[in-house]
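Undergrad: coords-v2.tsv is the file, holding TSV, C-alpha atoms:
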```tsv
chain	number	residue	atom	x	y	z
A	14	MET	CA	0.00	0.00	0.00
A	15	SER	CA	1.22	3.51	-0.83
A	16	ASP	CA	0.47	4.87	2.64
A	17	CYS	CA	2.03	1.90	4.52
A	18	THR	CA	3.89	2.90	7.70
A	19	HIS	CA	5.49	-0.58	8.03
A	20	ASP	CA	4.10	-0.78	11.57
A	21	CYS	CA	2.07	-3.98	11.37
A	22	SER	CA	0.90	-3.67	14.99
A	23	THR	CA	-1.33	-0.70	14.07
A	24	CYS	CA	-2.62	-2.09	10.78
A	25	GLY	CA	-5.44	-4.50	10.07
A	26	GLU	CA	-4.69	-5.08	6.39
A	27	ALA	CA	-3.71	-8.60	5.30
A	28	CYS	CA	-1.14	-7.52	2.76
A	29	ALA	CA	1.67	-9.65	1.33
A	30	ASP	CA	4.32	-7.66	3.25
A	31	ARG	CA	2.68	-8.17	6.63
A	32	LYS	CA	5.18	-9.45	9.20
A	33	PRO	CA	4.17	-12.34	11.48
A	34	GLU	CA	3.36	-11.22	15.02
A	35	SER	CA	6.02	-12.07	17.57
A	36	PHE	CA	4.95	-13.20	21.05
A	37	LEU	CA	8.47	-13.07	22.49
A	38	GLU	CA	8.66	-11.42	25.89
A	39	ALA	CA	11.60	-9.37	27.11
A	40	PRO	CA	13.43	-10.80	30.13
A	41	ASN	CA	13.77	-8.86	33.37
A	42	ALA	CA	15.84	-5.71	32.82
A	43	LEU	CA	18.52	-7.05	35.18
A	44	SER	CA	18.85	-10.38	33.36
A	45	ASP	CA	21.55	-11.08	30.78
A	46	ILE	CA	21.08	-14.63	29.48
A	47	LYS	CA	23.30	-15.92	26.68
A	48	LYS	CA	21.65	-19.26	25.84
A	49	VAL	CA	18.30	-20.83	26.75
A	50	ILE	CA	17.95	-24.61	26.50
A	51	ALA	CA	14.65	-26.37	27.15
A	52	VAL	CA	14.66	-29.99	28.33
A	53	VAL	CA	11.53	-31.73	27.08
A	54	SER	CA	9.84	-35.10	26.91
A	55	GLY	CA	6.64	-36.30	25.36
A	56	LYS	CA	5.59	-38.11	28.54
A	57	GLY	CA	6.25	-38.06	32.26
A	58	GLY	CA	8.47	-40.32	34.29
A	59	VAL	CA	11.43	-40.54	31.93
A	60	GLY	CA	13.85	-38.48	34.05
A	61	LYS	CA	13.57	-35.04	32.53
A	62	SER	CA	14.31	-33.22	35.79
A	63	LEU	CA	17.28	-35.51	36.42
A	64	VAL	CA	18.74	-34.73	32.99
A	65	THR	CA	18.12	-31.01	33.47
A	66	SER	CA	19.98	-31.13	36.78
A	67	LEU	CA	22.89	-33.16	35.44
A	68	LEU	CA	23.34	-30.86	32.44
A	69	ALA	CA	23.25	-27.78	34.67
A	70	VAL	CA	25.81	-29.25	37.07
A	71	SER	CA	28.02	-30.35	34.17
A	72	MET	CA	28.00	-26.84	32.72
A	73	GLN	CA	28.65	-25.30	36.13
A	74	ARG	CA	31.66	-27.58	36.58
A	75	GLU	CA	32.99	-26.18	33.29
A	76	GLY	CA	33.00	-22.73	34.86
A	77	LYS	CA	29.74	-21.52	33.27
A	78	LYS	CA	27.14	-19.38	35.03
A	79	VAL	CA	23.99	-21.48	35.10
A	80	GLY	CA	20.34	-21.13	36.07
A	81	ILE	CA	17.39	-23.53	36.08
A	82	MET	CA	13.78	-22.50	35.49
A	83	ASP	CA	11.41	-25.18	36.78
A	84	ALA	CA	8.53	-24.86	34.34
A	85	ASP	CA	6.78	-27.99	35.62
A	86	ILE	CA	4.40	-25.96	37.78
A	87	THR	CA	2.16	-28.78	38.99
A	88	GLY	CA	4.99	-31.24	39.53
A	89	PRO	CA	8.07	-29.23	40.58
A	90	SER	CA	11.05	-31.33	41.63
A	91	ILE	CA	14.17	-29.25	40.92
A	92	PRO	CA	14.39	-27.68	44.43
A	93	LYS	CA	14.30	-31.10	46.11
A	94	ILE	CA	16.94	-32.51	43.76
A	95	PHE	CA	19.28	-29.65	44.72
A	96	GLY	CA	18.35	-29.60	48.40
A	97	VAL	CA	16.96	-26.06	48.15
A	98	HIS	CA	14.22	-25.29	50.65
A	99	GLU	CA	14.41	-21.53	51.37
A	100	LYS	CA	11.91	-19.18	49.78
A	101	ALA	CA	12.53	-16.87	46.85
A	102	THR	CA	12.62	-13.17	47.69
A	103	GLY	CA	11.81	-10.07	45.71
A	104	ASN	CA	11.61	-6.30	45.58
A	105	GLU	CA	10.64	-3.63	43.08
A	106	ALA	CA	13.34	-4.91	40.70
A	107	GLY	CA	11.83	-8.40	40.48
A	108	ILE	CA	11.94	-11.88	41.98
A	109	TYR	CA	15.31	-13.31	42.97
A	110	PRO	CA	16.00	-17.00	42.40
A	111	VAL	CA	17.42	-19.18	45.17
A	112	ARG	CA	21.07	-20.16	44.80
A	113	SER	CA	22.15	-23.77	45.30
A	114	LYS	CA	25.19	-24.85	47.28
A	115	MET	CA	27.31	-24.80	44.12
A	116	ASP	CA	25.98	-21.44	42.84
A	117	ILE	CA	23.27	-22.56	40.42
A	118	ASP	CA	20.29	-20.17	40.47
A	119	ILE	CA	16.91	-21.90	40.70
A	120	MET	CA	13.36	-20.65	40.30
A	121	SER	CA	10.42	-22.95	40.98
A	122	VAL	CA	6.87	-22.54	42.18
A	123	ASN	CA	7.86	-24.59	45.23
A	124	LEU	CA	10.07	-21.68	46.28
A	125	LEU	CA	6.99	-19.46	46.40
A	126	LEU	CA	4.53	-21.76	48.20
A	127	GLU	CA	4.02	-21.59	51.95
A	128	ASN	CA	4.53	-25.35	52.20
A	129	GLU	CA	6.48	-27.45	49.72
A	130	THR	CA	3.81	-30.14	49.73
A	131	ASP	CA	0.93	-27.77	48.90
A	132	PRO	CA	-0.65	-28.82	45.58
A	133	VAL	CA	-0.85	-26.34	42.73
A	134	VAL	CA	-4.47	-26.61	41.57
A	135	TRP	CA	-4.50	-24.07	38.77
A	136	ARG	CA	-5.97	-24.01	35.29
A	137	GLY	CA	-3.82	-23.96	32.17
A	138	PRO	CA	-3.77	-20.20	31.48
A	139	VAL	CA	-2.67	-19.42	35.05
A	140	ILE	CA	0.08	-22.04	34.87
A	141	ALA	CA	1.28	-20.70	31.52
A	142	GLY	CA	1.23	-17.15	32.90
A	143	THR	CA	3.37	-18.20	35.85
A	144	VAL	CA	5.99	-19.69	33.56
A	145	LYS	CA	6.05	-16.47	31.56
A	146	GLN	CA	6.58	-14.51	34.80
A	147	PHE	CA	9.58	-16.73	35.59
A	148	TRP	CA	11.13	-15.19	32.48
A	149	THR	CA	9.92	-11.59	32.66
A	150	GLU	CA	10.04	-10.95	36.42
A	151	VAL	CA	12.88	-13.12	37.74
A	152	VAL	CA	16.26	-11.42	38.09
A	153	TRP	CA	18.51	-14.06	36.52
A	154	SER	CA	21.48	-11.65	36.35
A	155	ASP	CA	24.38	-12.80	34.12
A	156	LYS	CA	23.90	-16.37	32.88
A	157	ASP	CA	25.76	-18.34	30.23
A	158	TYR	CA	23.02	-21.00	30.21
A	159	LEU	CA	19.44	-21.07	31.44
A	160	PHE	CA	17.97	-24.56	31.43
A	161	ILE	CA	14.19	-24.89	31.43
A	162	ASP	CA	12.80	-28.08	32.96
A	163	MET	CA	9.59	-28.49	30.98
A	164	PRO	CA	6.44	-30.40	31.93
A	165	PRO	CA	5.68	-33.46	29.82
A	166	GLY	CA	3.69	-33.25	26.61
A	167	THR	CA	3.07	-30.61	23.97
A	168	GLY	CA	0.37	-28.51	25.64
A	169	ASP	CA	-0.04	-25.03	27.10
A	170	VAL	CA	3.28	-24.62	28.92
A	171	PRO	CA	5.58	-25.86	26.13
A	172	LEU	CA	3.72	-23.67	23.66
A	173	THR	CA	4.00	-20.67	25.99
A	174	VAL	CA	7.72	-21.26	26.49
A	175	PHE	CA	8.45	-21.66	22.79
A	176	GLN	CA	6.44	-18.57	21.86
A	177	SER	CA	7.39	-16.27	24.76
A	178	ILE	CA	11.03	-17.15	25.45
A	179	PRO	CA	13.85	-17.07	22.88
A	180	VAL	CA	14.77	-20.75	23.23
A	181	ASN	CA	18.03	-21.55	21.43
A	182	GLY	CA	17.39	-25.29	21.32
A	183	ILE	CA	15.86	-28.29	23.05
A	184	VAL	CA	17.17	-31.50	24.56
A	185	ILE	CA	14.78	-34.45	24.36
A	186	VAL	CA	14.72	-37.02	27.16
A	187	THR	CA	13.48	-40.52	26.49
A	188	SER	CA	13.71	-44.13	27.67
A	189	PRO	CA	14.19	-47.36	25.70
A	190	GLN	CA	10.54	-48.48	25.46
A	191	GLU	CA	9.03	-48.56	21.97
A	192	LEU	CA	6.06	-46.41	23.05
A	193	VAL	CA	8.38	-43.66	24.23
A	194	SER	CA	10.15	-43.65	20.87
A	195	MET	CA	6.88	-42.61	19.25
A	196	ILE	CA	6.54	-39.82	21.82
A	197	VAL	CA	10.07	-38.63	20.99
A	198	GLU	CA	9.06	-38.13	17.40
A	199	LYS	CA	6.15	-35.97	18.53
A	200	ALA	CA	8.58	-33.75	20.47
A	201	VAL	CA	10.91	-33.51	17.46
A	202	LYS	CA	8.04	-32.56	15.18
A	203	MET	CA	6.79	-29.89	17.62
A	204	ALA	CA	10.28	-28.40	17.75
A	205	ASN	CA	10.36	-28.32	13.96
A	206	MET	CA	6.96	-26.62	13.87
A	207	MET	CA	8.28	-23.92	16.23
A	208	ASN	CA	11.58	-23.61	14.28
A	209	ILE	CA	13.64	-24.57	17.32
A	210	PRO	CA	16.64	-26.86	16.76
A	211	VAL	CA	16.94	-30.19	18.57
A	212	LEU	CA	20.37	-30.14	20.22
A	213	GLY	CA	20.39	-33.78	21.27
A	214	ILE	CA	18.63	-36.76	22.79
A	215	VAL	CA	19.34	-38.29	26.20
A	216	GLU	CA	18.09	-41.82	26.79
A	217	ASN	CA	17.56	-42.36	30.50
A	218	MET	CA	17.36	-45.83	32.10
A	219	SER	CA	19.14	-47.08	29.01
A	220	TYR	CA	20.90	-50.00	30.71
A	221	PHE	CA	22.02	-51.43	34.02
A	222	GLU	CA	25.71	-52.11	34.55
A	223	CYS	CA	26.54	-54.94	36.93
A	224	PRO	CA	28.83	-53.54	39.65
A	225	ASN	CA	30.75	-56.85	39.80
A	226	CYS	CA	31.34	-57.95	36.20
A	227	HIS	CA	30.46	-54.58	34.54
A	228	GLU	CA	28.27	-56.30	31.96
A	229	LYS	CA	25.49	-54.07	30.66
A	230	HIS	CA	21.89	-55.30	30.70
A	231	SER	CA	19.03	-53.68	28.75
A	232	ILE	CA	16.37	-54.31	31.38
A	233	TYR	CA	13.81	-52.00	29.71
A	234	GLY	CA	14.38	-53.35	26.21
A	235	GLU	CA	16.86	-52.73	23.47
A	236	SER	CA	17.38	-49.11	22.50
A	237	ASN	CA	16.47	-47.79	19.07
A	238	ILE	CA	17.42	-44.19	19.83
A	239	GLU	CA	20.12	-44.20	17.15
A	240	GLU	CA	17.51	-44.95	14.48
A	241	ILE	CA	15.31	-42.05	15.56
A	242	ALA	CA	18.29	-39.71	15.83
A	243	LYS	CA	19.47	-40.66	12.34
A	244	LYS	CA	15.96	-40.17	10.94
A	245	TYR	CA	15.94	-36.56	12.16
A	246	ASP	CA	19.65	-35.87	11.65
A	247	ILE	CA	20.40	-35.56	15.37
A	248	THR	CA	24.03	-36.36	16.13
A	249	ASN	CA	24.28	-35.55	19.85
A	250	ILE	CA	23.18	-38.63	21.84
A	251	ALA	CA	23.82	-39.72	25.43
A	252	LYS	CA	22.69	-42.72	27.45
A	253	LEU	CA	22.17	-42.72	31.21
A	254	PRO	CA	22.21	-46.01	33.14
A	255	VAL	CA	19.86	-47.19	35.84
A	256	ASN	CA	21.99	-46.09	38.78
A	257	PRO	CA	20.82	-46.28	42.42
A	258	LYS	CA	23.44	-43.71	43.42
A	259	LEU	CA	21.86	-41.11	41.13
A	260	ALA	CA	18.44	-41.79	42.60
A	261	ALA	CA	19.85	-41.46	46.12
A	262	ALA	CA	21.58	-38.18	45.23
A	263	CYS	CA	18.24	-36.76	44.01
A	264	ASP	CA	16.37	-37.95	47.10
A	265	LYS	CA	18.97	-36.39	49.41
A	266	GLY	CA	19.21	-33.10	47.48
A	267	MET	CA	22.85	-33.76	46.64
A	268	ILE	CA	22.80	-33.98	42.84
A	269	GLU	CA	25.66	-31.48	42.63
A	270	LEU	CA	27.97	-34.13	44.08
A	271	PHE	CA	27.17	-36.81	41.47
A	272	ASP	CA	30.08	-38.82	40.11
A	273	GLY	CA	29.82	-39.91	36.49
A	274	ASN	CA	30.89	-38.87	32.99
A	275	TRP	CA	27.81	-39.99	31.07
A	276	LEU	CA	26.94	-36.46	29.87
A	277	ASP	CA	30.46	-34.98	29.53
A	278	ASP	CA	30.69	-35.30	25.74
A	279	PHE	CA	27.03	-34.33	25.36
A	280	SER	CA	27.52	-31.14	27.39
A	281	LYS	CA	30.62	-30.15	25.45
A	282	LYS	CA	28.70	-30.45	22.17
A	283	LEU	CA	25.98	-28.19	23.56
```
I need this file expressed as structure tokens, please.

TA:
Amino acid sequence: MSDCTHDCSTCGEACADRKPESFLEAPNALSDIKKVIAVVSGKGGVGKSLVTSLLAVSMQREGKKVGIMDADITGPSIPKIFGVHEKATGNEAGIYPVRSKMDIDIMSVNLLLENETDPVVWRGPVIAGTVKQFWTEVVWSDKDYLFIDMPPGTGDVPLTVFQSIPVNGIVIVTSPQELVSMIVEKAVKMANMMNIPVLGIVENMSYFECPNCHEKHSIYGESNIEEIAKKYDITNIAKLPVNPKLAAACDKGMIELFDGNWLDDFSKKL
């Protein structure tokens, strides 16, 4: 149009030059975040929070400044995994995350509730709005990496995160069962729809290694993660074993002391 101002927000015309509306939200003014990585899964119970925690600790051990946003509002587990129980504070500048023993900043709805065991009985829009506030109102300060522990599935919260936060890439968490492999493909396809790159796949509970003979047993079935990764041209793959010590570290809030190199190469490729 001859009188076009190129300001699509004030125009109702459906012209060919119309720019798509962006829903990206600006972070808190005191936040400077270099990279945002979302950890996703198509279903619950595959160890998404564990993988988020291990990746964050691995990056922190490399000297990076790391934060974790617990976007699983109705099932928050990040504070317990890190042994964080104090409440988040705030002032006119925003909400301040709680720092773990090893200097990883954490924000979770559990850090805002009066009691950690209080259920969050909220409808979808309220939950999605809370996740958005974790980006716009939390003072993350200077961070090399912000990991987002996502709820399972492809519903309100993942859509809100992908539309509102400038996610640089996602890590998909899965397990060896055939059903889960189908769910992985759903997550990959959603990422493609949102134009967000898949940075890698982590297969949790991939095998059990006998502590005596060190033979590996595929107790949940043989993995086919390589086939899925090849299908979608994903080269960064890691496999986590069934390890009672990892489970104990999570239960005791001592994940920052874990001993294992399963994600070292994976983290370096990130």

Undergrad: Please, what distance in Å, to one decimal, runs between atom CA of Asp162 of chain A and atom CA of Val49 of chain A?

TA: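 Going from atom CA of Asp162 of chain A over to atom CA of Val49 of chain A, I get 11.0 Å.
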
Undergrad: For a test of reading the model, state the distance in Å between atom CA of Leu126 of chain A and atom CA of Pro164 of chain A, rounded to one decimal.

TA: 18.5 Å

Undergrad: Any idea what the distance is between atom CA of Ile185 of chain A and atom CA of Val134 of chain A?

TA: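 These atoms are spaced 27.0 Å apart.
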
Undergrad: Using all atoms listed in the file, which residues sit within 9 Å of segment 203-208 of chain A once same-chain residues fewer than 4 positions away are excluded, as a list of chain:residue names?

TA: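 Contacts, with the query itself left out: A:Thr167, A:Leu172, A:Phe175, A:Gln176, A:Gly182, A:Ile183, A:Glu198, A:Lys199.
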
Undergrad: Kindly save the residues from that selection, with C-alpha atoms included, as a PDB file, keeping the file's coordinate frame.

TA:
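The resulting out-v6.pdb:
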```
ATOM      1  CA  THR A 167       3.070 -30.610  23.970  1.00  0.00           C
ATOM      2  CA  LEU A 172       3.720 -23.670  23.660  1.00  0.00           C
ATOM      3  CA  PHE A 175       8.450 -21.660  22.790  1.00  0.00           C
ATOM      4  CA  GLN A 176       6.440 -18.570  21.860  1.00  0.00           C
ATOM      5  CA  GLY A 182      17.390 -25.290  21.320  1.00  0.00           C
ATOM      6  CA  ILE A 183      15.860 -28.290  23.050  1.00  0.00           C
ATOM      7  CA  GLU A 198       9.060 -38.130  17.400  1.00  0.00           C
ATOM      8  CA  LYS A 199       6.150 -35.970  18.530  1.00  0.00           C
TER       9      LYS A 199
END
```

Undergrad: Please identify all polymer residues within 10 Å of segment 90-95 of chain A, counting all atoms listed in the file, omitting same-chain residues fewer than 6 positions from it, and present them as a ChimeraX atom specification.

TA: /A:62-63,65-66,81-84,111-115,117,119-124,129,162,260-270

Undergrad: Need the neighbours of (13.1, -3.1, 41.0): which residues are at most 10 Å away, counting all atoms listed in the file, as a list in words?

TA: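 Within the cut-off we find Asn41, Ala42, Leu43, Gly103, Asn104, Glu105, Ala106, Gly107, Ile108, Glu150 and Val152 of chain A.
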
Undergrad: With distances taken over only C-alpha atoms, which of A:Val53, A:Leu259, A:Met163, A:Ile86 is nearest to Gly273 of chain A?

TA: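 Closest residue, counting only C-alpha atoms: A:Leu259.
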
Undergrad: Which of these, A:Leu283, A:Met72, A:Leu125, A:Val139, has the shortest distance to Glu99 of chain A once you count all atoms listed in the file?

TA: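 Of A:Leu283, A:Met72, A:Leu125, A:Val139, the one nearest Glu99 of chain A, counting all atoms listed in the file, is A:Leu125.
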
Undergrad: Please determine, counting only C-alpha atoms, which residue among A:Lys145, A:His98, A:Lys252, A:Lys77 has the shortest atom-to-atom distance to Ser177 of chain A.

TA: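 Comparing A:Lys145, A:His98, A:Lys252, A:Lys77 against Ser177 of chain A, the winner is A:Lys145.
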
Undergrad: Go through A:Tyr158, A:Phe271, A:Trp135, A:Trp153 one by one, measure the shortest atom-to-atom distance of each to Lys78 of chain A using only C-alpha atoms, and give the residue with the smallest value.

TA: A:Tyr158

Undergrad: Closest to Gln146 of chain A among A:Glu38, A:Asp272, A:Glu222, A:Glu240, using all atoms listed in the file?

TA: A:Glu38

Undergrad: Which of these residues is nearest to Pro254 of chain A, using all atoms listed in the file: A:Met218, A:Val133, A:Ile241, A:Val201?

TA: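 Among the listed residues, the smallest separation from Pro254 of chain A belongs to A:Met218.
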